[in-house]
Structures are given as structure tokens and as C-alpha cells.
Amino acid sequence: MKEAESWVLASHNQGKIKEIGELLSPFGIKLQSAADFSLSDPDETESTFAGNALLKARAASQATGLPALADDSGLCVTALNGQPGIHSARWAGEPRDFGRAMRRIEDELQTSGNTDRSAAFVCVLALVVPRQSDRIYEGRVDGQMIWPPRGEGGFGYDPVFQPEGETRVFAEMSSAEKASMSHRARAMSALIAAEFGHV
């Protein structure tokens with residue numbers, strides 16, 4: 001990899017761009033966003049995290065001619081057959097209301113009668129580089145669903161997800177604490193180890 005190489009992140013989420021950009025900058029990568037190129041988000045028509053991440057990365061790379069990185073992530077609840085999974089954001093509706101989405105998960109767990117509260121946050125990163133093979137990196141954090149919601153930090157389903165080995169939910173942790181163990185951090189660590197030889 002040459003110095004100061006530009007990659008595009010197939011996302012309009014400024015928080016995600018900042019977080020991933022900071023992780024890649026020590027390796028000479030300048031991360032630009034889909035918004036920098038006025039790219040629209042392709043429809044996520046695949047049935048897996050990997051499929052949707054690849055779809056987004058391929059579209060961004062084809063449109064810009066640059067290496068493109070995309071992620072797809074979500075919460076998979078065991079007793080709900082892995083739902084909401086790839087539909088995690090959609091469960092929150094429009095406009096996004098994760099309070100309603102968390103309530104829906106709890107209601108469905110209660111209705112199912114299944115006492116298994118295990119769940120996992122999963123993140124799949126796809127890296128598409130012109131004239132090279134596509135690469136996939138996965139990060140996963142196992143834990144359990146908690147009710148009622150706790151904490152003021154984080155976003156999405158963080159107030160109801162307690163990682164294994166922790167007494168706190170993600171929303172009760174500092175951003176640095178969460179980042180050290182999050183599914184996205186684990187996927188990024190796998191990518192950095194494979195692409196740049198660093199752990």
C-alpha cells in the first residue's frame with residue numbers, strides 16, 4: 001500500500017467515517033465518504049451482512065475507481081431466530097425510533113415464551129479494491145438482552161445489550177470502553193491485521 005492512498009467508505013454516517021478514518025490514518029489511508037462523491041446508497045437487497053456489505057462496497061468502488069470499504073451490522077437475537085439481524089435499523093422505522101425497536105424485541109421475546117436472552121452484535125466489513133479479490137472481515141460480540149433499557153451513552157440497541165463478562169450494557173460504557181470491544185472494532189482489527197500486518 002502506498003502512502004496517503006484514498007479509500008471511500010460507502011456510508012453517509014459522519015460518526016462512522018470519523019471512527020474508521022482514525023483507525024486507518026496511521027496506515028497512510030485517507031478515508032473519504034460516499035457524500036464526498038455524491039453517491040446514493042444502493043438498495044440492500046442481500047439476505048446476509050456480508051452480501052449487503054459487498055453490494056455497497058462494489059457500488060462505491062465502481063463509481064469512484066477507488067478502493068471501497070463498506071460495513072453491514074446489526075443485532076442478532078437467538079430466541080428470535082437471529083432477528084432483527086440485517087433489518088436492525090429498519091425495525092426502528094422512519095424516523096428512526098430505537099426505543100420502539102427495543103420495546104418490539106422485548107415484546108417478541110416475552111410472546112415467544114423462550115427464556116434464552118442470548119444475542120450478538122455482528123459487523124461485516126467488505127473491502128473492494130479494483131483488480132483485486134474482494135475481502136470480507138467479521139467482528140462479533142456475544143452477550144445478552146437486558147430489560148429495561150439502561151445508560152445514556154451509545155446509540156441504537158446499546159441500552160439493552162450486555163456483552164459477555166460485563167455487568168454493564170454498552171450504553172453505560174464510555175465510547176472508548178465500548179470501542180475497545182465492539183463488533184466494528186473487532187472487524188476493523190481483523191482488516192488491519194490482514195491488510196497492513198498490524199494487530
# chains A, B, ... in the order shown; residues from 1 in each chain; ligands from 1
call {"tool": "closest_atom_pairs", "arguments": {"of": "range 154-185 of chain A", "to": "range 118-134 of chain A", "cutoff": "12 Å", "atoms": "only C-alpha atoms", "output": "CSV"}}
result
residue,atom,partner,partner_atom,distance
A:Gly156,CA,A:Phe121,CA,11.2
A:Tyr157,CA,A:Phe121,CA,9.4
A:Asp158,CA,A:Phe121,CA,9.8
A:Val160,CA,A:Ala119,CA,10.4
A:Phe161,CA,A:Ala119,CA,7.9
A:Gln162,CA,A:Ala119,CA,9.1
A:Pro163,CA,A:Ala120,CA,8.3
A:Glu164,CA,A:Ser118,CA,9.5
A:Phe170,CA,A:Phe121,CA,10.9
A:Met181,CA,A:Phe121,CA,10.8
A:Ser182,CA,A:Phe121,CA,8.0
A:His183,CA,A:Cys123,CA,5.5
A:Arg184,CA,A:Cys123,CA,5.5
A:Ala185,CA,A:Cys123,CA,8.9
call {"tool": "residues_around", "arguments": {"residues": "range 38-41 of chain A", "least_positions_apart": "4", "cutoff": "9 Å", "atoms": "only C-alpha atoms", "output": "ChimeraX atom specification"}}
result
/A:10-12,33-34,56,59-60,63
call {"tool": "select_by_dssp", "arguments": {"residues": "range 37-170 of chain A", "states": "alpha helix (DSSP H)", "output": "VMD selection string"}}
result
chain A and resid 49 to 64 98 to 112
call {"tool": "write_last_selection", "arguments": {"atoms": "C-alpha atoms", "output": "PDB file, in the first residue's frame"}}
result
ATOM      1  CA  PHE A  49     -24.487  -8.928   6.347  1.00  0.00           C
ATOM      2  CA  ALA A  50     -21.649  -9.970   4.003  1.00  0.00           C
ATOM      3  CA  GLY A  51     -23.866  -9.752   0.938  1.00  0.00           C
ATOM      4  CA  ASN A  52     -25.066  -6.241   1.760  1.00  0.00           C
ATOM      5  CA  ALA A  53     -21.579  -5.005   2.688  1.00  0.00           C
ATOM      6  CA  LEU A  54     -20.166  -6.308  -0.604  1.00  0.00           C
ATOM      7  CA  LEU A  55     -23.028  -4.780  -2.584  1.00  0.00           C
ATOM      8  CA  LYS A  56     -22.334  -1.330  -1.071  1.00  0.00           C
ATOM      9  CA  ALA A  57     -18.538  -1.564  -1.419  1.00  0.00           C
ATOM     10  CA  ARG A  58     -18.706  -2.754  -5.033  1.00  0.00           C
ATOM     11  CA  ALA A  59     -21.075   0.074  -5.991  1.00  0.00           C
ATOM     12  CA  ALA A  60     -18.811   2.688  -4.352  1.00  0.00           C
ATOM     13  CA  SER A  61     -15.635   1.297  -5.907  1.00  0.00           C
ATOM     14  CA  GLN A  62     -17.211   1.085  -9.350  1.00  0.00           C
ATOM     15  CA  ALA A  63     -18.471   4.686  -9.107  1.00  0.00           C
ATOM     16  CA  THR A  64     -15.166   6.171  -7.889  1.00  0.00           C
ATOM     17  CA  PHE A  98     -34.802   2.717  18.660  1.00  0.00           C
ATOM     18  CA  GLY A  99     -36.917   3.000  21.809  1.00  0.00           C
ATOM     19  CA  ARG A 100     -39.761   1.461  19.821  1.00  0.00           C
ATOM     20  CA  ALA A 101     -37.402  -1.130  18.286  1.00  0.00           C
ATOM     21  CA  MET A 102     -36.073  -2.188  21.722  1.00  0.00           C
ATOM     22  CA  ARG A 103     -39.643  -2.489  23.006  1.00  0.00           C
ATOM     23  CA  ARG A 104     -40.561  -4.630  19.990  1.00  0.00           C
ATOM     24  CA  ILE A 105     -37.692  -7.039  20.711  1.00  0.00           C
ATOM     25  CA  GLU A 106     -38.707  -7.305  24.359  1.00  0.00           C
ATOM     26  CA  ASP A 107     -42.377  -7.847  23.439  1.00  0.00           C
ATOM     27  CA  GLU A 108     -41.462 -10.579  20.958  1.00  0.00           C
ATOM     28  CA  LEU A 109     -39.171 -12.275  23.494  1.00  0.00           C
ATOM     29  CA  GLN A 110     -41.994 -12.254  26.061  1.00  0.00           C
ATOM     30  CA  THR A 111     -44.506 -13.550  23.494  1.00  0.00           C
ATOM     31  CA  SER A 112     -42.184 -16.342  22.364  1.00  0.00           C
TER      32      SER A 112
END
call {"tool": "closest_residue", "arguments": {"among": "A:Ser88, A:Ser174, A:Thr167, A:Asn114", "to": "Glu152 in chain A", "atoms": "only C-alpha atoms"}}
result
A:Ser174
call {"tool": "closest_residue", "arguments": {"among": "A:Ser47, A:Gln14, A:Ser6, A:Ser189", "to": "Gly65 in chain A", "atoms": "only C-alpha atoms"}}
result
A:Ser6
call {"tool": "atom_distance", "arguments": {"atom1": "CA of Gly143 in chain A", "atom2": "CA of Ala187 in chain A"}}
result
16.9 Å
call {"tool": "closest_residue", "arguments": {"among": "A:Gly82, A:Gly28, A:Pro42, A:Gly151", "to": "Ile192 in chain A", "atoms": "only C-alpha atoms"}}
result
A:Gly28
call {"tool": "residues_around", "arguments": {"residues": "Glu195 in chain A", "least_positions_apart": "4", "cutoff": "10 Å", "atoms": "only C-alpha atoms", "output": "tab-separated table (two decimals) with C-alpha atoms, in the first residue's frame"}}
result
chain	number	residue	atom	x	y	z
A	1	MET	CA	0.00	0.00	0.00
A	27	PHE	CA	-1.51	3.25	7.69
A	127	LEU	CA	-13.11	-4.21	1.13
A	135	ARG	CA	-12.19	-9.26	1.04
A	189	SER	CA	-8.78	-5.24	13.85
A	190	ALA	CA	-9.13	-8.25	11.53
A	191	LEU	CA	-8.92	-5.98	8.46
call {"tool": "closest_residue", "arguments": {"among": "A:Pro26, A:Pro159, A:Gly153, A:Gly197", "to": "Ala176 in chain A", "atoms": "only C-alpha atoms"}}
result
A:Gly153
call {"tool": "atom_distance", "arguments": {"atom1": "CA of Pro67 in chain A", "atom2": "CA of Trp7 in chain A"}}
result
5.0 Å
call {"tool": "closest_residue", "arguments": {"among": "A:Asp116, A:Asp142, A:Glu44, A:Glu172", "to": "Ala89 in chain A", "atoms": "only C-alpha atoms"}}
result
A:Glu44
call {"tool": "atom_distance", "arguments": {"atom1": "CA of Glu138 in chain A", "atom2": "CA of Met188 in chain A"}}
result
8.3 Å
call {"tool": "select_by_dssp", "arguments": {"residues": "chain A", "states": "strand (DSSP E or B)", "output": "NGL selection string"}}
result
:A and (5-9 or 29-33 or 68-77 or 83-84 or 118-128 or 135-145 or 161-163)
